[in-house]
file model-v3.txt (compact mmCIF, C-alpha atoms)
# COMPACT_ATOMS: atom_id res chain seq x y z
CA MET A 837 -22.90 45.39 1.55
CA ARG A 838 -20.29 45.93 -1.17
CA ARG A 839 -16.77 47.02 -0.18
CA PRO A 840 -13.42 47.36 -2.00
CA HIS A 841 -11.58 44.08 -2.45
CA GLY A 842 -9.40 43.24 0.55
CA GLU A 843 -10.89 45.89 2.83
CA THR A 844 -11.70 44.66 6.36
CA PRO A 845 -15.32 45.25 7.45
CA ARG A 846 -15.55 48.11 9.91
CA TRP A 847 -18.71 49.17 11.67
CA ASN A 848 -18.31 52.56 13.29
CA GLY A 849 -15.06 51.48 14.90
CA CYS A 850 -16.40 48.28 16.47
CA THR A 851 -14.27 45.14 16.47
CA GLY A 852 -14.48 41.72 18.04
CA ALA A 853 -18.19 41.09 17.42
CA THR A 854 -19.39 37.79 16.02
CA ALA A 855 -21.64 39.55 13.53
CA THR A 856 -21.58 42.86 11.72
CA TRP A 857 -23.80 45.52 13.26
CA PRO A 858 -25.10 48.89 12.11
CA THR A 859 -23.97 52.26 13.35
CA GLY A 860 -24.41 52.99 17.02
CA THR A 861 -23.72 49.58 18.50
CA CYS A 862 -20.67 50.64 20.47
CA GLY A 863 -18.49 53.62 21.26
CA GLY A 864 -15.69 54.98 19.14
CA GLY A 865 -15.56 56.50 15.65
CA GLY A 866 -14.68 54.93 12.34
CA THR A 867 -12.63 56.27 9.45
CA GLY A 868 -14.61 54.65 6.63
CA ASP A 869 -16.28 56.56 3.82
CA SER A 870 -19.81 55.57 4.82
CA GLU A 871 -21.82 54.26 7.72
CA VAL A 872 -24.47 51.58 7.53
CA GLN A 873 -27.88 52.63 8.79
CA THR A 874 -30.12 50.11 10.55
CA VAL A 875 -32.68 50.03 7.74
CA ASP A 876 -29.91 49.25 5.19
CA TRP A 877 -28.51 46.56 7.47
CA LEU A 878 -31.97 44.96 7.72
CA ASP A 879 -32.29 44.96 3.94
CA ASP A 880 -28.93 43.20 3.66
CA ILE A 881 -29.60 40.47 6.21
CA HIS A 882 -33.05 39.78 4.72
CA GLN A 883 -31.33 39.11 1.40
CA LEU A 884 -28.39 37.12 2.76
CA PHE A 885 -29.72 34.89 5.54
CA PRO A 886 -32.54 32.42 6.23
CA ARG A 887 -35.40 33.47 8.49
CA GLU A 888 -34.05 31.77 11.63
CA THR A 889 -30.76 33.66 11.31
CA ILE A 890 -32.53 36.95 10.64
CA GLU A 891 -34.59 36.58 13.81
CA ARG A 892 -31.45 35.81 15.82
CA LEU A 893 -29.61 38.84 14.41
CA GLU A 894 -32.57 41.12 15.08
CA ARG A 895 -32.88 39.78 18.62
CA ASP A 896 -29.18 40.26 19.33
CA ALA A 897 -29.26 43.75 17.85
CA VAL A 898 -31.90 44.72 20.39
CA GLU A 899 -30.90 42.74 23.46
CA ARG A 900 -27.09 42.52 23.25
CA TYR A 901 -26.17 45.67 21.34
CA GLU A 902 -29.10 47.91 22.33
CA ILE A 903 -29.72 49.28 18.86
CA VAL A 904 -32.78 51.25 19.90
CA ASP A 905 -33.78 52.38 16.42
CA VAL A 906 -34.67 48.77 15.59
CA VAL A 907 -37.92 49.52 17.40
CA THR A 908 -38.08 53.32 17.21
CA ASP A 909 -37.34 54.00 13.52
CA PRO A 910 -40.52 53.82 11.35
CA ALA A 911 -38.56 52.55 8.33
CA VAL A 912 -37.14 49.71 10.43
CA LEU A 913 -40.47 48.86 12.04
CA GLU A 914 -42.00 48.36 8.60
CA ARG A 915 -39.46 45.63 7.82
CA ILE A 916 -38.94 43.88 11.10
CA GLU A 917 -40.42 40.47 11.90
CA PRO A 918 -42.46 40.46 15.15
CA ASN A 919 -41.03 38.17 17.83
CA PRO A 920 -40.89 38.08 21.65
CA ALA A 921 -37.48 39.80 21.82
CA LEU A 922 -38.79 42.75 19.85
CA LEU A 923 -41.92 42.89 22.00
CA ARG A 924 -39.70 43.21 25.07
CA ALA A 925 -37.74 45.93 23.31
CA VAL A 926 -40.91 47.84 22.44
CA LEU A 927 -42.06 47.75 26.05
CA ARG A 928 -38.67 49.05 27.20
CA THR A 929 -38.45 51.86 24.66
CA LYS A 930 -42.05 52.92 23.96
CA HIS A 931 -41.58 56.00 26.15
CA LEU A 932 -39.09 57.21 23.51
CA MET A 933 -41.56 56.91 20.63
CA ASN A 934 -43.75 59.59 19.14
CA LEU A 935 -47.39 58.72 18.48
CA ALA A 936 -46.83 57.69 14.85
CA VAL A 937 -43.99 55.33 15.73
CA LEU A 938 -45.90 53.99 18.73
CA ALA A 939 -48.80 53.07 16.45
CA MET A 940 -46.42 51.09 14.24
CA ALA A 941 -44.77 49.43 17.23
CA ARG A 942 -48.19 48.31 18.36
CA ARG A 943 -48.16 45.95 15.36
CA ILE A 944 -45.34 44.03 17.00
CA VAL A 945 -47.21 43.90 20.31
CA GLU A 946 -50.40 42.65 18.65
CA ALA A 947 -48.64 40.00 16.58
CA VAL A 948 -46.64 38.50 19.43
CA VAL A 949 -49.57 38.63 21.88
CA ARG A 950 -51.71 36.82 19.32
CA GLN A 951 -49.07 34.09 19.02
CA LEU A 952 -48.86 33.72 22.79
CA MET A 953 -52.64 33.68 23.18
CA GLU A 954 -53.04 30.90 20.63
CA LYS A 955 -50.52 28.78 22.52
CA LEU A 956 -51.51 29.58 26.10
CA VAL A 957 -55.26 29.46 25.76
CA THR A 958 -55.00 25.78 24.77
CA GLU A 959 -52.66 24.95 27.65
CA ILE A 960 -54.76 26.78 30.21
CA ARG A 961 -58.12 25.42 29.09
CA GLN A 962 -56.79 21.87 29.09
CA SER A 963 -55.99 22.26 32.78
CA PHE A 964 -59.66 22.97 33.47
CA THR A 965 -61.32 20.37 31.22
CA GLY A 966 -61.54 17.79 33.98
CA ALA A 967 -59.77 14.74 35.31
CA ARG A 968 -60.19 11.26 33.88
CA SER A 969 -62.60 9.04 35.79
CA ARG A 970 -62.73 5.24 35.67
CA ARG A 971 -66.30 5.13 34.33
CA PRO A 972 -66.52 3.54 30.85
CA SER A 973 -67.45 5.87 28.04
CA ASN A 974 -68.83 5.44 24.52
CA HIS A 975 -67.13 8.66 23.45
CA LYS A 976 -64.14 7.48 21.42
CA ASN A 977 -61.39 10.05 21.94
CA SER A 978 -57.65 9.36 21.95
CA ARG A 979 -57.22 11.40 25.13
CA ASN A 980 -59.69 9.06 26.90
CA PHE A 981 -58.23 5.76 25.65
CA ASP A 982 -57.95 3.21 28.49
CA PHE A 983 -54.93 1.08 27.68
CA LYS A 984 -55.17 -1.43 30.56
CA ALA A 985 -58.89 -2.05 30.18
CA THR A 986 -58.43 -2.54 26.44
CA ILE A 987 -55.73 -5.19 26.99
CA ARG A 988 -57.89 -7.07 29.52
CA ALA A 989 -60.96 -6.98 27.24
CA ASN A 990 -59.03 -8.35 24.26
CA LEU A 991 -56.78 -11.05 25.80
CA ALA A 992 -58.89 -13.71 24.12
CA HIS A 993 -57.66 -12.39 20.78
CA TYR A 994 -53.97 -12.93 21.55
CA GLN A 995 -52.09 -14.28 18.51
CA PRO A 996 -49.07 -16.32 19.77
CA ASP A 997 -47.42 -16.72 16.40
CA GLN A 998 -47.33 -12.96 15.88
CA ARG A 999 -47.02 -12.10 19.58
CA ARG A 1000 -49.70 -9.46 19.44
CA ILE A 1001 -53.27 -8.85 20.53
CA ALA A 1002 -55.93 -8.04 17.98
CA ILE A 1003 -57.92 -5.12 19.38
CA GLU A 1004 -61.59 -5.68 18.63
CA LYS A 1005 -63.08 -3.80 21.57
CA PRO A 1006 -61.15 -0.64 22.46
CA LYS A 1007 -62.08 0.81 25.83
CA PHE A 1008 -62.39 4.45 26.82
CA VAL A 1009 -63.00 6.31 30.06
CA SER A 1010 -65.13 9.38 30.67
CA ARG A 1011 -64.02 12.71 32.02
CA THR A 1012 -65.71 14.35 34.96
CA ARG A 1013 -65.96 18.10 34.85
CA ARG A 1014 -64.31 19.76 37.80
CA HIS A 1015 -66.76 21.15 40.32
CA VAL A 1016 -65.89 24.83 40.21
CA GLU A 1017 -66.90 27.32 42.88
CA GLN A 1018 -66.12 31.01 42.81
CA TRP A 1019 -62.41 31.65 43.35
CA GLN A 1020 -60.20 34.69 43.02
CA VAL A 1021 -56.81 34.70 41.34
CA ILE A 1022 -54.85 37.88 42.07
CA LEU A 1023 -51.73 38.35 39.95
CA LEU A 1024 -49.32 40.96 41.34
CA VAL A 1025 -46.66 41.65 38.72
CA ASP A 1026 -43.37 43.42 39.32
CA GLN A 1027 -42.90 45.79 36.35
CA SER A 1028 -39.20 46.42 36.88
CA GLY A 1029 -37.15 46.11 33.70
CA SER A 1030 -35.74 42.69 34.58
CA MET A 1031 -39.27 41.23 34.80
CA VAL A 1032 -40.43 42.22 31.30
CA SER A 1033 -40.95 38.62 30.08
CA SER A 1034 -43.03 37.83 33.16
CA VAL A 1035 -45.10 40.98 32.63
CA ILE A 1036 -45.91 39.87 29.08
CA HIS A 1037 -46.87 36.34 30.09
CA SER A 1038 -48.85 37.58 33.09
CA ALA A 1039 -50.97 39.82 30.85
CA VAL A 1040 -51.67 36.99 28.40
CA THR A 1041 -52.29 34.45 31.19
CA ALA A 1042 -54.73 36.78 32.94
CA ALA A 1043 -56.66 37.23 29.68
CA CYS A 1044 -56.87 33.45 29.25
CA LEU A 1045 -58.04 32.92 32.83
CA TRP A 1046 -60.59 35.73 32.66
CA SER A 1047 -63.31 33.83 30.80
CA LEU A 1048 -63.10 30.61 32.81
CA PRO A 1049 -66.20 29.76 34.86
CA GLY A 1050 -66.02 30.19 38.61
CA LEU A 1051 -62.91 32.35 38.47
CA ARG A 1052 -62.37 36.06 39.03
CA THR A 1053 -59.00 37.30 37.87
CA HIS A 1054 -57.24 40.47 38.97
CA LEU A 1055 -54.06 41.85 37.44
CA VAL A 1056 -52.02 44.42 39.33
CA ALA A 1057 -48.69 45.92 38.23
CA PHE A 1058 -46.33 47.48 40.72
CA ASP A 1059 -42.99 49.19 41.22
CA THR A 1060 -42.97 51.68 44.08
CA ASN A 1061 -46.58 52.39 43.10
CA VAL A 1062 -49.45 49.96 42.58
CA VAL A 1063 -51.64 50.10 39.46
CA ASP A 1064 -54.73 47.91 39.15
CA LEU A 1065 -55.01 46.88 35.49
CA THR A 1066 -57.95 44.50 35.90
CA SER A 1067 -60.22 46.68 33.77
CA ASP A 1068 -57.90 46.05 30.80
CA VAL A 1069 -57.33 42.35 31.39
CA THR A 1070 -59.46 41.28 28.41
CA ASP A 1071 -57.22 43.31 26.09
CA PRO A 1072 -53.61 42.30 26.81
CA VAL A 1073 -52.31 44.49 23.98
CA GLU A 1074 -53.80 47.64 25.50
CA LEU A 1075 -52.67 46.49 28.92
CA LEU A 1076 -49.06 46.04 27.83
CA MET A 1077 -49.03 49.44 26.15
CA LYS A 1078 -49.93 50.94 29.54
CA VAL A 1079 -47.20 49.17 31.50
CA GLN A 1080 -44.35 51.42 32.61
CA LEU A 1081 -41.20 49.37 33.05
CA GLY A 1082 -38.49 50.45 35.48
CA GLY A 1083 -38.46 52.26 38.78
CA GLY A 1084 -38.06 50.87 42.27
CA THR A 1085 -39.83 47.92 43.84
CA ASP A 1086 -42.19 47.87 46.83
CA ILE A 1087 -43.43 44.30 47.04
CA ALA A 1088 -44.91 44.77 50.53
CA ARG A 1089 -47.17 47.54 49.27
CA ALA A 1090 -48.35 45.43 46.34
CA VAL A 1091 -49.10 42.40 48.51
CA ALA A 1092 -51.03 44.57 50.97
CA TYR A 1093 -53.13 45.87 48.09
CA GLY A 1094 -53.70 42.33 46.82
CA ALA A 1095 -54.82 41.27 50.31
CA SER A 1096 -57.39 44.07 50.30
CA LEU A 1097 -59.03 42.60 47.18
CA ILE A 1098 -59.77 39.21 48.77
CA ASP A 1099 -63.43 38.36 49.40
CA ASN A 1100 -63.13 34.79 50.69
CA PRO A 1101 -59.62 34.01 52.02
CA ARG A 1102 -60.01 30.25 51.59
CA ARG A 1103 -60.95 30.65 47.95
CA ALA A 1104 -58.21 33.01 46.91
CA ILE A 1105 -54.81 32.61 45.24
CA VAL A 1106 -52.35 35.49 45.40
CA ALA A 1107 -49.48 35.11 42.93
CA VAL A 1108 -46.64 37.60 43.42
CA ILE A 1109 -44.45 37.64 40.31
CA THR A 1110 -41.19 39.34 41.23
CA ASP A 1111 -37.43 38.92 41.57
CA PHE A 1112 -37.85 39.46 45.35
CA TYR A 1113 -35.40 42.36 45.46
CA GLU A 1114 -37.44 44.37 47.92
CA GLY A 1115 -37.08 48.13 48.05
CA GLY A 1116 -39.79 48.49 50.66
CA ASP A 1117 -40.21 46.98 54.12
CA ASP A 1118 -39.25 43.31 53.90
CA HIS A 1119 -40.44 42.64 57.49
CA ASP A 1120 -43.86 44.05 56.59
CA LEU A 1121 -43.93 41.85 53.48
CA VAL A 1122 -43.18 38.69 55.46
CA ARG A 1123 -45.83 39.59 58.06
CA THR A 1124 -48.50 40.16 55.40
CA VAL A 1125 -47.70 36.88 53.64
CA ARG A 1126 -47.83 35.02 56.98
CA LYS A 1127 -51.29 36.48 57.69
CA LEU A 1128 -52.54 35.51 54.24
CA VAL A 1129 -51.36 31.93 54.68
CA GLU A 1130 -52.81 31.68 58.20
CA GLN A 1131 -56.23 32.78 56.94
CA GLY A 1132 -56.18 30.03 54.32
CA THR A 1133 -55.12 31.96 51.22
CA HIS A 1134 -52.74 30.27 48.80
CA VAL A 1135 -49.73 32.51 48.22
CA LEU A 1136 -47.42 31.92 45.26
CA GLY A 1137 -44.10 33.69 45.00
CA LEU A 1138 -43.01 33.33 41.38
CA ALA A 1139 -39.52 34.44 40.41
CA ALA A 1140 -40.48 33.96 36.76
CA LEU A 1141 -43.66 33.37 34.77
CA ASP A 1142 -42.64 32.66 31.19
CA ASP A 1143 -41.77 29.86 28.80
CA GLU A 1144 -38.23 29.50 30.15
CA ALA A 1145 -39.06 29.55 33.89
CA ALA A 1146 -35.39 30.37 34.53
CA PRO A 1147 -35.40 32.82 37.44
CA SER A 1148 -32.84 35.20 38.86
CA TYR A 1149 -33.94 36.38 42.27
CA ASP A 1150 -33.11 37.22 45.88
CA ARG A 1151 -33.03 33.76 47.39
CA VAL A 1152 -32.79 35.00 50.96
CA LEU A 1153 -36.09 36.88 50.90
CA ALA A 1154 -37.70 34.12 48.84
CA GLN A 1155 -36.71 31.60 51.52
CA ARG A 1156 -38.17 33.80 54.26
CA LEU A 1157 -41.50 33.85 52.43
CA ALA A 1158 -41.35 30.08 51.94
CA ASN A 1159 -40.70 29.70 55.68
CA VAL A 1160 -44.06 31.37 56.47
CA GLY A 1161 -46.00 29.17 54.05
CA ALA A 1162 -45.73 30.70 50.57
CA HIS A 1163 -45.11 28.44 47.58
CA VAL A 1164 -41.96 29.86 45.99
CA GLY A 1165 -40.42 28.96 42.64
CA ALA A 1166 -40.82 29.64 38.94
CA MET A 1167 -43.55 28.47 36.58
CA THR A 1168 -44.60 28.50 32.99
CA PRO A 1169 -48.12 29.86 32.40
CA GLY A 1170 -49.33 26.29 31.83
CA GLN A 1171 -47.97 25.20 35.21
CA LEU A 1172 -49.68 28.15 36.90
CA ALA A 1173 -52.95 27.13 35.27
CA GLU A 1174 -52.50 23.57 36.53
CA PHE A 1175 -51.87 24.88 40.06
CA VAL A 1176 -55.02 27.02 39.92
CA ALA A 1177 -57.12 24.18 38.50
CA GLU A 1178 -55.89 21.80 41.20
CA LYS A 1179 -56.92 24.23 43.95
CA LEU A 1180 -60.30 24.87 42.38
CA SER A 1181 -61.06 21.16 42.23

call {"tool": "encode", "arguments": {"input": "model-v3.txt", "output": "structure tokens"}}
result
Amino acid sequence: MRRPHGETPRWNGCTGATATWPTGTCGGGGTGDSEVQTVDWLDDIHQLFPRETIERLERDAVERYEIVDVVTDPAVLERIEPNPALLRAVLRTKHLMNLAVLAMARRIVEAVVRQLMEKLVTEIRQSFTGARSRRPSNHKNSRNFDFKATIRANLAHYQPDQRRIAIEKPKFVSRTRRHVEQWQVILLVDQSGSMVSSVIHSAVTAACLWSLPGLRTHLVAFDTNVVDLTSDVTDPVELLMKVQLGGGTDIARAVAYGASLIDNPRRAIVAVITDFYEGGDDHDLVRTVRKLVEQGTHVLGLAALDDEAAPSYDRVLAQRLANVGAHVGAMTPGQLAEFVAEKLS
């Protein structure tokens, strides 16, 4: 943005920021002749910076400076590059959008969900492809290469002068397919604002799990109310557009609903994805979790389900749930898939 020589940049009165931001990023009024609009600012940074910097600036504009029109202004939405930070922003602000803007924002949701699906579906399916057995196999695949057996079979070809073994007969092992019986995986997802990343990954994970043999997946969102979203689990974009972030939190109510969905307690996994800040009856929650564990149900208490697996949660309540037999921690979607696959086997 051009300015008279020697004039100090001024953005609507804001000072002290590490980058220049468009109008509306902080309080106070400026005395300049003009104000930069978000769409103009986007044009400038797309001309001045490489893609990695642009994405960082756009992410900071939304998350640190709460420039809402980054995801509510049609002109801005046309220019912006879809990324997870903007998806989170769309989910937080979609209630402010009219139908036309919401349709444009959906482009961001679809693009980021597609990226996540491509990554997660591979991770999740690998967890269910089967464990390596020790039976020899004629199927030559790098994943099935048997290093020790290959060394033993080729010791006769050791070359002392070069200190190496010539591999003439590589050995491979087979993979046994896991014996899968019908199991239920019930994902209970806290839709409070702080859990938005976990909501996104839960929706995508549920969609990936849905088509696996021997597995029935349920997805339930909750705040003080409980909403069963299982009917939309095959379409994570539509599902995320229905999520209503914010409100209170009644974990006990959600877990009670999840318990009511169980057909066979010993073939069920209930994963409660929450920060454990309970607004309902914590004693009732602990009692319900204890009953689930006693009947043979696997209960997971996940303080985060996303790529970072860096939780912020009420450790006191989490410890109480761990004390009655719940597995408590944080996982990436791939780690959750591994846990489920291990139980199914």

call {"tool": "residues_around", "arguments": {"input": "model-v3.txt", "residues": "Val1160 (chain A)", "least_positions_apart": "5", "cutoff": "9 Å", "atoms": "only C-alpha atoms", "output": "number ranges by chain"}}
result
A: 1122-1123, 1125-1127, 1129-1130, 1155

call {"tool": "closest_residue", "arguments": {"input": "model-v3.txt", "among": "A:Thr1085, A:Thr1041, A:Gln995, A:Asn1159", "to": "Glu954 (chain A)", "atoms": "all atoms listed in the file"}}
result
A:Thr1041

call {"tool": "atom_distance", "arguments": {"input": "model-v3.txt", "atom1": "CA of Val957 (chain A)", "atom2": "CA of Thr889 (chain A)"}}
result
28.8 Å

call {"tool": "atom_distance", "arguments": {"input": "model-v3.txt", "atom1": "CA of His1119 (chain A)", "atom2": "CA of Ala1057 (chain A)"}}
result
21.2 Å

call {"tool": "closest_residue", "arguments": {"input": "model-v3.txt", "among": "A:Ala1090, A:Ile916, A:Ile1105, A:Val1056", "to": "Asp1117 (chain A)", "atoms": "only C-alpha atoms"}}
result
A:Ala1090

call {"tool": "decode", "arguments": {"input": "model-v3.txt", "residues": "region 1094-1116 of chain A", "atoms": "N, CA, C and O atoms", "output": "PDB file, in the first residue's frame"}}
result
ATOM      1  N   GLY A1094     -25.136 -41.768  25.022  1.00  0.00           N
ATOM      2  CA  GLY A1094     -24.262 -42.728  24.362  1.00  0.00           C
ATOM      3  C   GLY A1094     -24.461 -44.131  24.906  1.00  0.00           C
ATOM      4  O   GLY A1094     -24.477 -45.109  24.146  1.00  0.00           O
ATOM      5  N   ALA A1095     -24.626 -44.238  26.227  1.00  0.00           N
ATOM      6  CA  ALA A1095     -24.851 -45.551  26.851  1.00  0.00           C
ATOM      7  C   ALA A1095     -26.135 -46.193  26.336  1.00  0.00           C
ATOM      8  O   ALA A1095     -26.215 -47.418  26.187  1.00  0.00           O
ATOM      9  N   SER A1096     -27.131 -45.361  26.051  1.00  0.00           N
ATOM     10  CA  SER A1096     -28.419 -45.898  25.576  1.00  0.00           C
ATOM     11  C   SER A1096     -28.324 -46.470  24.156  1.00  0.00           C
ATOM     12  O   SER A1096     -29.213 -47.220  23.739  1.00  0.00           O
ATOM     13  N   LEU A1097     -27.284 -46.123  23.429  1.00  0.00           N
ATOM     14  CA  LEU A1097     -27.122 -46.622  22.055  1.00  0.00           C
ATOM     15  C   LEU A1097     -26.458 -47.988  21.990  1.00  0.00           C
ATOM     16  O   LEU A1097     -26.473 -48.636  20.944  1.00  0.00           O
ATOM     17  N   ILE A1098     -25.878 -48.439  23.093  1.00  0.00           N
ATOM     18  CA  ILE A1098     -25.064 -49.664  23.086  1.00  0.00           C
ATOM     19  C   ILE A1098     -25.935 -50.905  22.963  1.00  0.00           C
ATOM     20  O   ILE A1098     -26.901 -51.086  23.714  1.00  0.00           O
ATOM     21  N   ASP A1099     -25.564 -51.775  22.017  1.00  0.00           N
ATOM     22  CA  ASP A1099     -26.255 -53.057  21.847  1.00  0.00           C
ATOM     23  C   ASP A1099     -25.560 -54.166  22.626  1.00  0.00           C
ATOM     24  O   ASP A1099     -26.195 -54.927  23.352  1.00  0.00           O
ATOM     25  N   ASN A1100     -24.258 -54.292  22.441  1.00  0.00           N
ATOM     26  CA  ASN A1100     -23.473 -55.315  23.123  1.00  0.00           C
ATOM     27  C   ASN A1100     -22.356 -54.614  23.887  1.00  0.00           C
ATOM     28  O   ASN A1100     -21.381 -54.153  23.294  1.00  0.00           O
ATOM     29  N   PRO A1101     -22.473 -54.511  25.217  1.00  0.00           N
ATOM     30  CA  PRO A1101     -21.512 -53.726  26.006  1.00  0.00           C
ATOM     31  C   PRO A1101     -20.064 -54.134  25.795  1.00  0.00           C
ATOM     32  O   PRO A1101     -19.165 -53.290  25.829  1.00  0.00           O
ATOM     33  N   ARG A1102     -19.809 -55.415  25.580  1.00  0.00           N
ATOM     34  CA  ARG A1102     -18.428 -55.886  25.444  1.00  0.00           C
ATOM     35  C   ARG A1102     -17.874 -55.686  24.032  1.00  0.00           C
ATOM     36  O   ARG A1102     -16.729 -56.010  23.777  1.00  0.00           O
ATOM     37  N   ARG A1103     -18.692 -55.184  23.157  1.00  0.00           N
ATOM     38  CA  ARG A1103     -18.232 -54.861  21.811  1.00  0.00           C
ATOM     39  C   ARG A1103     -18.586 -53.409  21.474  1.00  0.00           C
ATOM     40  O   ARG A1103     -19.095 -53.105  20.400  1.00  0.00           O
ATOM     41  N   ALA A1104     -18.312 -52.559  22.442  1.00  0.00           N
ATOM     42  CA  ALA A1104     -18.623 -51.141  22.245  1.00  0.00           C
ATOM     43  C   ALA A1104     -17.474 -50.285  22.762  1.00  0.00           C
ATOM     44  O   ALA A1104     -16.850 -50.599  23.777  1.00  0.00           O
ATOM     45  N   ILE A1105     -17.203 -49.207  22.053  1.00  0.00           N
ATOM     46  CA  ILE A1105     -16.221 -48.202  22.459  1.00  0.00           C
ATOM     47  C   ILE A1105     -16.929 -46.861  22.496  1.00  0.00           C
ATOM     48  O   ILE A1105     -17.507 -46.432  21.485  1.00  0.00           O
ATOM     49  N   VAL A1106     -16.922 -46.225  23.644  1.00  0.00           N
ATOM     50  CA  VAL A1106     -17.512 -44.895  23.794  1.00  0.00           C
ATOM     51  C   VAL A1106     -16.365 -43.901  23.956  1.00  0.00           C
ATOM     52  O   VAL A1106     -15.614 -43.965  24.931  1.00  0.00           O
ATOM     53  N   ALA A1107     -16.216 -43.001  22.996  1.00  0.00           N
ATOM     54  CA  ALA A1107     -15.161 -41.991  23.049  1.00  0.00           C
ATOM     55  C   ALA A1107     -15.805 -40.634  23.320  1.00  0.00           C
ATOM     56  O   ALA A1107     -16.566 -40.126  22.491  1.00  0.00           O
ATOM     57  N   VAL A1108     -15.495 -40.067  24.484  1.00  0.00           N
ATOM     58  CA  VAL A1108     -16.028 -38.760  24.863  1.00  0.00           C
ATOM     59  C   VAL A1108     -14.937 -37.723  24.596  1.00  0.00           C
ATOM     60  O   VAL A1108     -13.885 -37.741  25.244  1.00  0.00           O
ATOM     61  N   ILE A1109     -15.190 -36.840  23.653  1.00  0.00           N
ATOM     62  CA  ILE A1109     -14.183 -35.861  23.233  1.00  0.00           C
ATOM     63  C   ILE A1109     -14.586 -34.513  23.819  1.00  0.00           C
ATOM     64  O   ILE A1109     -15.529 -33.877  23.355  1.00  0.00           O
ATOM     65  N   THR A1110     -13.888 -34.093  24.868  1.00  0.00           N
ATOM     66  CA  THR A1110     -14.308 -32.927  25.631  1.00  0.00           C
ATOM     67  C   THR A1110     -13.135 -32.365  26.412  1.00  0.00           C
ATOM     68  O   THR A1110     -12.110 -33.040  26.599  1.00  0.00           O
ATOM     69  N   ASP A1111     -13.293 -31.134  26.900  1.00  0.00           N
ATOM     70  CA  ASP A1111     -12.265 -30.555  27.771  1.00  0.00           C
ATOM     71  C   ASP A1111     -12.539 -30.860  29.245  1.00  0.00           C
ATOM     72  O   ASP A1111     -11.818 -30.396  30.123  1.00  0.00           O
ATOM     73  N   PHE A1112     -13.583 -31.633  29.514  1.00  0.00           N
ATOM     74  CA  PHE A1112     -13.935 -32.108  30.862  1.00  0.00           C
ATOM     75  C   PHE A1112     -14.374 -30.989  31.810  1.00  0.00           C
ATOM     76  O   PHE A1112     -14.473 -31.229  33.015  1.00  0.00           O
ATOM     77  N   TYR A1113     -14.673 -29.826  31.292  1.00  0.00           N
ATOM     78  CA  TYR A1113     -15.232 -28.786  32.151  1.00  0.00           C
ATOM     79  C   TYR A1113     -16.736 -28.999  32.194  1.00  0.00           C
ATOM     80  O   TYR A1113     -17.475 -28.549  31.331  1.00  0.00           O
ATOM     81  N   GLU A1114     -17.164 -29.720  33.202  1.00  0.00           N
ATOM     82  CA  GLU A1114     -18.544 -30.183  33.292  1.00  0.00           C
ATOM     83  C   GLU A1114     -19.464 -29.105  33.849  1.00  0.00           C
ATOM     84  O   GLU A1114     -19.213 -28.547  34.916  1.00  0.00           O
ATOM     85  N   GLY A1115     -20.535 -28.832  33.092  1.00  0.00           N
ATOM     86  CA  GLY A1115     -21.558 -27.914  33.571  1.00  0.00           C
ATOM     87  C   GLY A1115     -22.746 -28.639  34.157  1.00  0.00           C
ATOM     88  O   GLY A1115     -23.623 -28.018  34.760  1.00  0.00           O
ATOM     89  N   GLY A1116     -22.768 -29.965  33.960  1.00  0.00           N
ATOM     90  CA  GLY A1116     -23.851 -30.769  34.511  1.00  0.00           C
ATOM     91  C   GLY A1116     -23.446 -31.416  35.821  1.00  0.00           C
ATOM     92  O   GLY A1116     -22.664 -30.859  36.598  1.00  0.00           O
TER      93      GLY A1116
END
